[in-house]
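Chemist: Below are the structure tokens for one structure; questions will follow.
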Amino acid sequence: MEGKYKRLASNTLLFAISNFSAKLLSIVLQPYITFAMGQVEEVGITKLVQNIGSLLIPLVSMGVSFAIIRFGLDEKVKKGAVFTGGLVTICLGFLLMLCFYPLLRLIPLFGEYALLLYVHVLVSCLRTWCTQFVRSRQLNRLVAVDGVLCSATNLGFMILFLSGFGLGARGYILAIICSDALSALFVFSVAGLGRFLRPRFFSSRLWRQMMAYALPMVPAQISFWVINASDLFFVQAMCDGYQDQAGEYWTGLLGVGYFLPTILSVLGTIFYEAWQLSAVTEQEGRTRFFSRVFALYQSLLFCCCAGVILLCQPLMFLFKANFFDAWQFVPLLTVATLFNCLNQFLNSIYMVEKRSTLSLYTMLAGAVANCLLNWLLIPALGPNGVTLASLLSYMLVFLLRAVNTRGLMQMDFSPVRLLFNLLMVLAEAGLMIFQTPQWPLWCALLTAGVCAFNFQGVLGMARQLLGRRRRA
């Protein structure tokens, strides 16, 4: 029992080092980009191009990154077969993407940035191939070092291509390509991954098993993209002319609105990358372990969520003045991000049981709901409609997963605590959005209430984790 908490705490710390630099960079870069590019419309184009890449990456990789981490953690599986099978999958996926070029040109902005997008997708897949395999071997210190170095090179290339050469959206994508390529080469070399890559290591039997697990994750990832990134495309198409502004203006403003919820997603990403290792490898007392960690996790998330909502207007002064109005998107996007983090946690149950199809069904339901809600809410609420649509969609996914995971694991969700926390942060979001009289005071009181309500749970679990680490 002591060992599992020690490993979770240790891995969380290492992934915090890795992700903190990357996420801190994204937090710093967002205000910098608004100054480097100047116009809201230009930032909007950058966000759209980046999200096209986010859509294509799971298609090209065919979800193999999920199979690499899951099968790589299995002690009975040969590591060389997993690593070689991963590269075969990426190569096949990239060849298919080349064949579908005429169809891909139908995606807005794709034709103009086709070459860069192809290279970006391939390099990103290769980097993920290497880093996921290193994670499966639990070389977590190397992951931490790579995260810091990748962030540093990304920052350098961003400054070079945006401020030095003034390349705009092309420079943004080119900077990502260069930093990802250097990261992949670094991890491949330092970890000596070449010894796991041989044609004779390829196992058709294992590859079929990996694909059976990975392929359902592709539409699941696309469904996640639909709930998240497609909002920008809905806004561009349906808000053109809203308040006499172009669609690109609203996509730029909405893209900046995602900046503050990123703080919450940083916490979720750091925790989930460590948690998925523990979820698979720790088998003794698994149900109790999941329940206790979930209680800690939701307490931390709700405290952070309330704080982000409270500070969203002051923090918008970090941006150029014409981006300040993006604050209006932050409260509901932050609550939506919280539920996305909870959904990730529940996805770990599917991962443990190798039930990726359930992940697909739940995310697909959320994606369909998101599209319908965007279509219904944007005409009534304008760009704000997508934030409510995202929140309701992620809540639907959470409810579906909370129900169907009961057949796999009888985890305690602490529903009363969860509902009370949710009501408090929704009340805070509503007070801020509608600018009710004395809203700063009421929002501050609600934030204090959320933190006080969750303080004992967070402190108790923190003491347990730290205490177990000292005794281990």
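Labels for the structure tokens follow display order: chains A, B, ..., residues from 1 in each chain, ligands from 1.
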Can you tell me, as an MDAnalysis selection string, what residues are no more than 6 Å from region 255-264 of chain A when counting only C-alpha atoms, ignoring any on the same chain fewer than 6 positions away?
Modeler: chainID A and resid 326 329:330 334
Chemist: Once you have the residues from the selection above, write them out as an mmCIF file, in the first residue's frame, restricted to all heavy atoms.
Modeler:
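Now in result24.cif:
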data_model
loop_
_atom_site.group_PDB
_atom_site.id
_atom_site.type_symbol
_atom_site.label_atom_id
_atom_site.label_comp_id
_atom_site.auth_asym_id
_atom_site.auth_seq_id
_atom_site.Cartn_x
_atom_site.Cartn_y
_atom_site.Cartn_z
ATOM 1 N N ALA A 326 -12.144 38.794 -24.110
ATOM 2 C CA ALA A 326 -12.125 37.325 -24.089
ATOM 3 C C ALA A 326 -12.462 36.767 -22.715
ATOM 4 O O ALA A 326 -12.777 35.581 -22.593
ATOM 5 C CB ALA A 326 -10.757 36.809 -24.536
ATOM 6 N N PHE A 329 -15.588 34.434 -22.012
ATOM 7 C CA PHE A 329 -15.633 33.010 -22.342
ATOM 8 C C PHE A 329 -15.031 32.133 -21.242
ATOM 9 O O PHE A 329 -15.243 30.919 -21.228
ATOM 10 C CB PHE A 329 -14.865 32.741 -23.643
ATOM 11 C CG PHE A 329 -15.366 33.536 -24.815
ATOM 12 C CD1 PHE A 329 -14.519 34.388 -25.510
ATOM 13 C CD2 PHE A 329 -16.684 33.445 -25.231
ATOM 14 C CE1 PHE A 329 -14.979 35.119 -26.587
ATOM 15 C CE2 PHE A 329 -17.152 34.170 -26.312
ATOM 16 C CZ PHE A 329 -16.300 35.016 -26.985
ATOM 17 N N VAL A 330 -14.263 32.741 -20.332
ATOM 18 C CA VAL A 330 -13.446 31.968 -19.400
ATOM 19 C C VAL A 330 -14.248 31.182 -18.363
ATOM 20 O O VAL A 330 -13.955 29.996 -18.134
ATOM 21 C CB VAL A 330 -12.414 32.884 -18.706
ATOM 22 C CG1 VAL A 330 -11.652 32.129 -17.610
ATOM 23 C CG2 VAL A 330 -11.443 33.443 -19.737
ATOM 24 N N THR A 334 -13.779 27.165 -18.123
ATOM 25 C CA THR A 334 -13.013 26.617 -17.005
ATOM 26 C C THR A 334 -13.748 25.450 -16.364
ATOM 27 O O THR A 334 -13.143 24.404 -16.050
ATOM 28 C CB THR A 334 -12.746 27.709 -15.953
ATOM 29 O OG1 THR A 334 -12.093 28.820 -16.581
ATOM 30 C CG2 THR A 334 -11.870 27.179 -14.831
#
Chemist: Write out as number ranges by chain the residues lying within 10 Å of region 213-224 of chain A, counting only C-alpha atoms and excluding same-chain residues fewer than 3 positions away.
Modeler: A: 54-68, 70-71, 207-210, 227-230, 340, 351, 354-368, 370, 393-394
Chemist: Could you work out how far CA of Leu197 (chain A) lies from CA of Asp74 (chain A), giving the answer in Å with one decimal?
Modeler: 18.2 Å
Chemist: Run DSSP on the backbone of this structure and report the residues of region 66-169 of chain A it assigns to alpha helix (DSSP H), as a PyMOL selection string.
Modeler: chain A and resi 66-72+79-99+101-104+114-136+140-158+168-169
Chemist: Please list as a PDB file with all heavy atoms, in the first residue's frame every residue within 10 Å of Arg198 (chain A), counting only C-alpha atoms and excluding residues in the same chain fewer than 4 positions away.
Modeler:
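As a result, part_11.pdb now contains:
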ATOM      1  N   GLY A  80      10.270  -4.575 -27.866  1.00  0.00           N
ATOM      2  CA  GLY A  80      10.637  -4.312 -29.251  1.00  0.00           C
ATOM      3  C   GLY A  80       9.460  -4.456 -30.194  1.00  0.00           C
ATOM      4  O   GLY A  80       9.324  -3.700 -31.169  1.00  0.00           O
ATOM      5  N   ALA A  81       8.591  -5.406 -29.918  1.00  0.00           N
ATOM      6  CA  ALA A  81       7.410  -5.608 -30.753  1.00  0.00           C
ATOM      7  C   ALA A  81       6.457  -4.424 -30.646  1.00  0.00           C
ATOM      8  O   ALA A  81       5.833  -4.009 -31.633  1.00  0.00           O
ATOM      9  CB  ALA A  81       6.698  -6.896 -30.362  1.00  0.00           C
ATOM     10  N   PHE A  83       7.325  -1.235 -29.832  1.00  0.00           N
ATOM     11  CA  PHE A  83       7.942  -0.047 -30.429  1.00  0.00           C
ATOM     12  C   PHE A  83       7.951  -0.136 -31.954  1.00  0.00           C
ATOM     13  O   PHE A  83       7.604   0.824 -32.653  1.00  0.00           O
ATOM     14  CB  PHE A  83       9.371   0.093 -29.902  1.00  0.00           C
ATOM     15  CG  PHE A  83      10.001   1.426 -30.192  1.00  0.00           C
ATOM     16  CD1 PHE A  83       9.415   2.592 -29.746  1.00  0.00           C
ATOM     17  CD2 PHE A  83      11.190   1.497 -30.903  1.00  0.00           C
ATOM     18  CE1 PHE A  83      10.002   3.832 -30.004  1.00  0.00           C
ATOM     19  CE2 PHE A  83      11.788   2.723 -31.159  1.00  0.00           C
ATOM     20  CZ  PHE A  83      11.192   3.884 -30.714  1.00  0.00           C
ATOM     21  N   THR A  84       8.331  -1.276 -32.488  1.00  0.00           N
ATOM     22  CA  THR A  84       8.362  -1.455 -33.940  1.00  0.00           C
ATOM     23  C   THR A  84       6.953  -1.387 -34.526  1.00  0.00           C
ATOM     24  O   THR A  84       6.725  -0.764 -35.575  1.00  0.00           O
ATOM     25  CB  THR A  84       9.018  -2.797 -34.298  1.00  0.00           C
ATOM     26  OG1 THR A  84      10.339  -2.848 -33.732  1.00  0.00           O
ATOM     27  CG2 THR A  84       9.115  -2.973 -35.810  1.00  0.00           C
ATOM     28  N   GLY A  85       5.992  -1.996 -33.848  1.00  0.00           N
ATOM     29  CA  GLY A  85       4.611  -1.932 -34.307  1.00  0.00           C
ATOM     30  C   GLY A  85       4.071  -0.518 -34.331  1.00  0.00           C
ATOM     31  O   GLY A  85       3.271  -0.151 -35.202  1.00  0.00           O
ATOM     32  N   GLY A 194      16.932   2.764 -30.482  1.00  0.00           N
ATOM     33  CA  GLY A 194      17.256   2.042 -31.710  1.00  0.00           C
ATOM     34  C   GLY A 194      17.322   0.542 -31.518  1.00  0.00           C
ATOM     35  O   GLY A 194      17.026  -0.225 -32.444  1.00  0.00           O
ATOM     36  N   PHE A 202       8.881  -7.152 -35.317  1.00  0.00           N
ATOM     37  CA  PHE A 202       7.465  -6.926 -35.606  1.00  0.00           C
ATOM     38  C   PHE A 202       6.666  -8.215 -35.418  1.00  0.00           C
ATOM     39  O   PHE A 202       7.019  -9.265 -35.954  1.00  0.00           O
ATOM     40  CB  PHE A 202       7.287  -6.397 -37.025  1.00  0.00           C
ATOM     41  CG  PHE A 202       5.847  -6.142 -37.394  1.00  0.00           C
ATOM     42  CD1 PHE A 202       5.182  -5.029 -36.910  1.00  0.00           C
ATOM     43  CD2 PHE A 202       5.161  -7.027 -38.215  1.00  0.00           C
ATOM     44  CE1 PHE A 202       3.860  -4.787 -37.241  1.00  0.00           C
ATOM     45  CE2 PHE A 202       3.841  -6.797 -38.553  1.00  0.00           C
ATOM     46  CZ  PHE A 202       3.189  -5.679 -38.063  1.00  0.00           C
TER      47      PHE A 202
END
Chemist: What separation in Å, quoted to one decimal, exists between CA of Cys239 (chain A) and CA of Arg170 (chain A)?
Modeler: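 Those two atoms sit 25.0 Å apart.
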Chemist: Give me the residues within 12 Å of region 103-106 of chain A as a PyMOL selection string, counting only C-alpha atoms and dropping any in the same chain fewer than 3 places off.
Modeler: chain A and resi 52-53+55-56+96-100+109-115+117-118
Chemist: Using only C-alpha atoms for the distances, tell me which of A:Cys91, A:Leu423, A:Leu254, A:Ala402 is nearest to Ile349 (chain A).
Modeler: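 When distances to Ile349 (chain A) are compared using only C-alpha atoms, the smallest one comes from A:Ala402.
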Chemist: Need the shell around Phe234 (chain A): protein/DNA/RNA residues with any atom at most 12 Å away, counting only C-alpha atoms. Skip same-chain ones fewer than 4 positions apart. Format as a count of residues only?
Modeler: 32
Chemist: Skip Thr46 (chain A) itself and residues of its chain fewer than 6 positions away, then list as a compact mmCIF listing (two decimals) with all heavy atoms, in the first residue's frame all residues within 9 Å of it, counting only C-alpha atoms.
Modeler:
# COMPACT_ATOMS: atom_id res chain seq x y z
N GLY A 168 4.28 34.87 -39.05
CA GLY A 168 2.88 34.71 -38.68
C GLY A 168 2.51 33.27 -38.39
O GLY A 168 3.24 32.54 -37.70
N ALA A 169 1.35 32.83 -38.92
CA ALA A 169 0.85 31.48 -38.64
C ALA A 169 1.83 30.42 -39.12
O ALA A 169 2.00 29.39 -38.48
CB ALA A 169 -0.52 31.29 -39.30
N ARG A 170 2.48 30.66 -40.26
CA ARG A 170 3.47 29.70 -40.77
C ARG A 170 4.64 29.56 -39.79
O ARG A 170 5.14 28.45 -39.54
CB ARG A 170 3.98 30.13 -42.14
CG ARG A 170 2.97 29.94 -43.26
CD ARG A 170 3.55 30.36 -44.60
NE ARG A 170 2.65 30.04 -45.69
CZ ARG A 170 1.59 30.77 -46.05
NH1 ARG A 170 1.33 31.90 -45.37
NH2 ARG A 170 0.80 30.41 -47.04
N TYR A 172 4.51 30.03 -36.61
CA TYR A 172 4.02 29.34 -35.42
C TYR A 172 4.09 27.83 -35.60
O TYR A 172 4.60 27.11 -34.74
CB TYR A 172 2.57 29.79 -35.16
CG TYR A 172 1.95 29.24 -33.91
CD1 TYR A 172 2.10 29.89 -32.69
CD2 TYR A 172 1.20 28.08 -33.93
CE1 TYR A 172 1.53 29.39 -31.53
CE2 TYR A 172 0.61 27.56 -32.78
CZ TYR A 172 0.78 28.24 -31.58
OH TYR A 172 0.22 27.74 -30.44
N ILE A 173 3.59 27.33 -36.73
CA ILE A 173 3.61 25.89 -37.00
C ILE A 173 5.05 25.40 -37.20
O ILE A 173 5.43 24.32 -36.74
CB ILE A 173 2.76 25.55 -38.24
CG1 ILE A 173 1.31 25.98 -38.01
CG2 ILE A 173 2.81 24.06 -38.55
CD1 ILE A 173 0.63 25.31 -36.85
N GLY A 252 -10.41 34.38 -32.85
CA GLY A 252 -9.22 34.86 -32.14
C GLY A 252 -9.52 35.16 -30.69
O GLY A 252 -8.76 34.81 -29.79
Chemist: Neighbouring residues of region 425-430 of chain A were defined as those with any atom within 8 Å, considering only C-alpha atoms; residues of the same chain fewer than 4 positions away were excluded. Please report them as a compact mmCIF listing (two decimals) with N, CA, C and O atoms, in the first residue's frame.
Modeler:
# COMPACT_ATOMS: atom_id res chain seq x y z
N PHE A 302 -11.62 21.58 -8.16
CA PHE A 302 -12.64 22.59 -7.85
C PHE A 302 -12.02 23.82 -7.20
O PHE A 302 -12.44 24.95 -7.49
N CYS A 305 -10.42 25.65 -10.08
CA CYS A 305 -11.46 26.18 -10.96
C CYS A 305 -12.03 27.48 -10.39
O CYS A 305 -12.18 28.48 -11.11
N ALA A 306 -12.37 27.48 -9.12
CA ALA A 306 -12.92 28.68 -8.49
C ALA A 306 -11.93 29.83 -8.54
O ALA A 306 -12.30 30.99 -8.80
N ILE A 309 -11.68 31.32 -12.18
CA ILE A 309 -12.85 32.15 -12.50
C ILE A 309 -12.74 33.51 -11.82
O ILE A 309 -12.99 34.56 -12.41
N LEU A 310 -12.35 33.51 -10.56
CA LEU A 310 -12.24 34.76 -9.80
C LEU A 310 -11.23 35.72 -10.43
O LEU A 310 -11.46 36.93 -10.48
N PRO A 331 -15.25 31.77 -17.68
CA PRO A 331 -15.89 31.02 -16.58
C PRO A 331 -16.45 29.66 -16.98
O PRO A 331 -16.14 28.65 -16.34
N LEU A 332 -17.27 29.61 -18.04
CA LEU A 332 -17.85 28.33 -18.43
C LEU A 332 -16.82 27.40 -19.05
O LEU A 332 -16.88 26.18 -18.87
N VAL A 335 -15.06 25.60 -16.16
CA VAL A 335 -15.84 24.49 -15.60
C VAL A 335 -15.86 23.31 -16.58
O VAL A 335 -15.78 22.14 -16.18
N ASN A 421 -19.86 21.09 -4.79
CA ASN A 421 -18.78 21.84 -5.43
C ASN A 421 -19.22 22.44 -6.76
O ASN A 421 -18.92 23.59 -7.07
N PHE A 434 -22.94 37.56 -15.68
CA PHE A 434 -24.06 38.52 -15.72
C PHE A 434 -23.74 39.81 -14.98
O PHE A 434 -24.59 40.71 -14.92
N TRP A 442 -19.07 38.68 -4.06
CA TRP A 442 -19.73 37.38 -4.00
C TRP A 442 -18.85 36.27 -4.59
O TRP A 442 -18.81 35.15 -4.07
N CYS A 443 -18.15 36.59 -5.68
CA CYS A 443 -17.26 35.59 -6.29
C CYS A 443 -16.10 35.25 -5.36
O CYS A 443 -15.69 34.08 -5.26
N LEU A 446 -17.48 32.96 -2.66
CA LEU A 446 -17.70 31.60 -3.16
C LEU A 446 -16.39 30.86 -3.35
O LEU A 446 -16.29 29.66 -3.05
N THR A 447 -15.37 31.56 -3.83
CA THR A 447 -14.05 30.93 -3.97
C THR A 447 -13.51 30.48 -2.62
O THR A 447 -12.99 29.36 -2.47
N VAL A 450 -15.42 27.37 -1.56
CA VAL A 450 -14.97 26.14 -2.24
C VAL A 450 -13.67 25.64 -1.62
O VAL A 450 -13.51 24.44 -1.35
Chemist: Pick out the closest residue to Val88 (chain A) from this set: A:Gly147, A:Tyr32, A:Pro199, A:Ala184. Count only C-alpha atoms.
Modeler: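 Closest to Val88 (chain A) of all the choices is A:Pro199.
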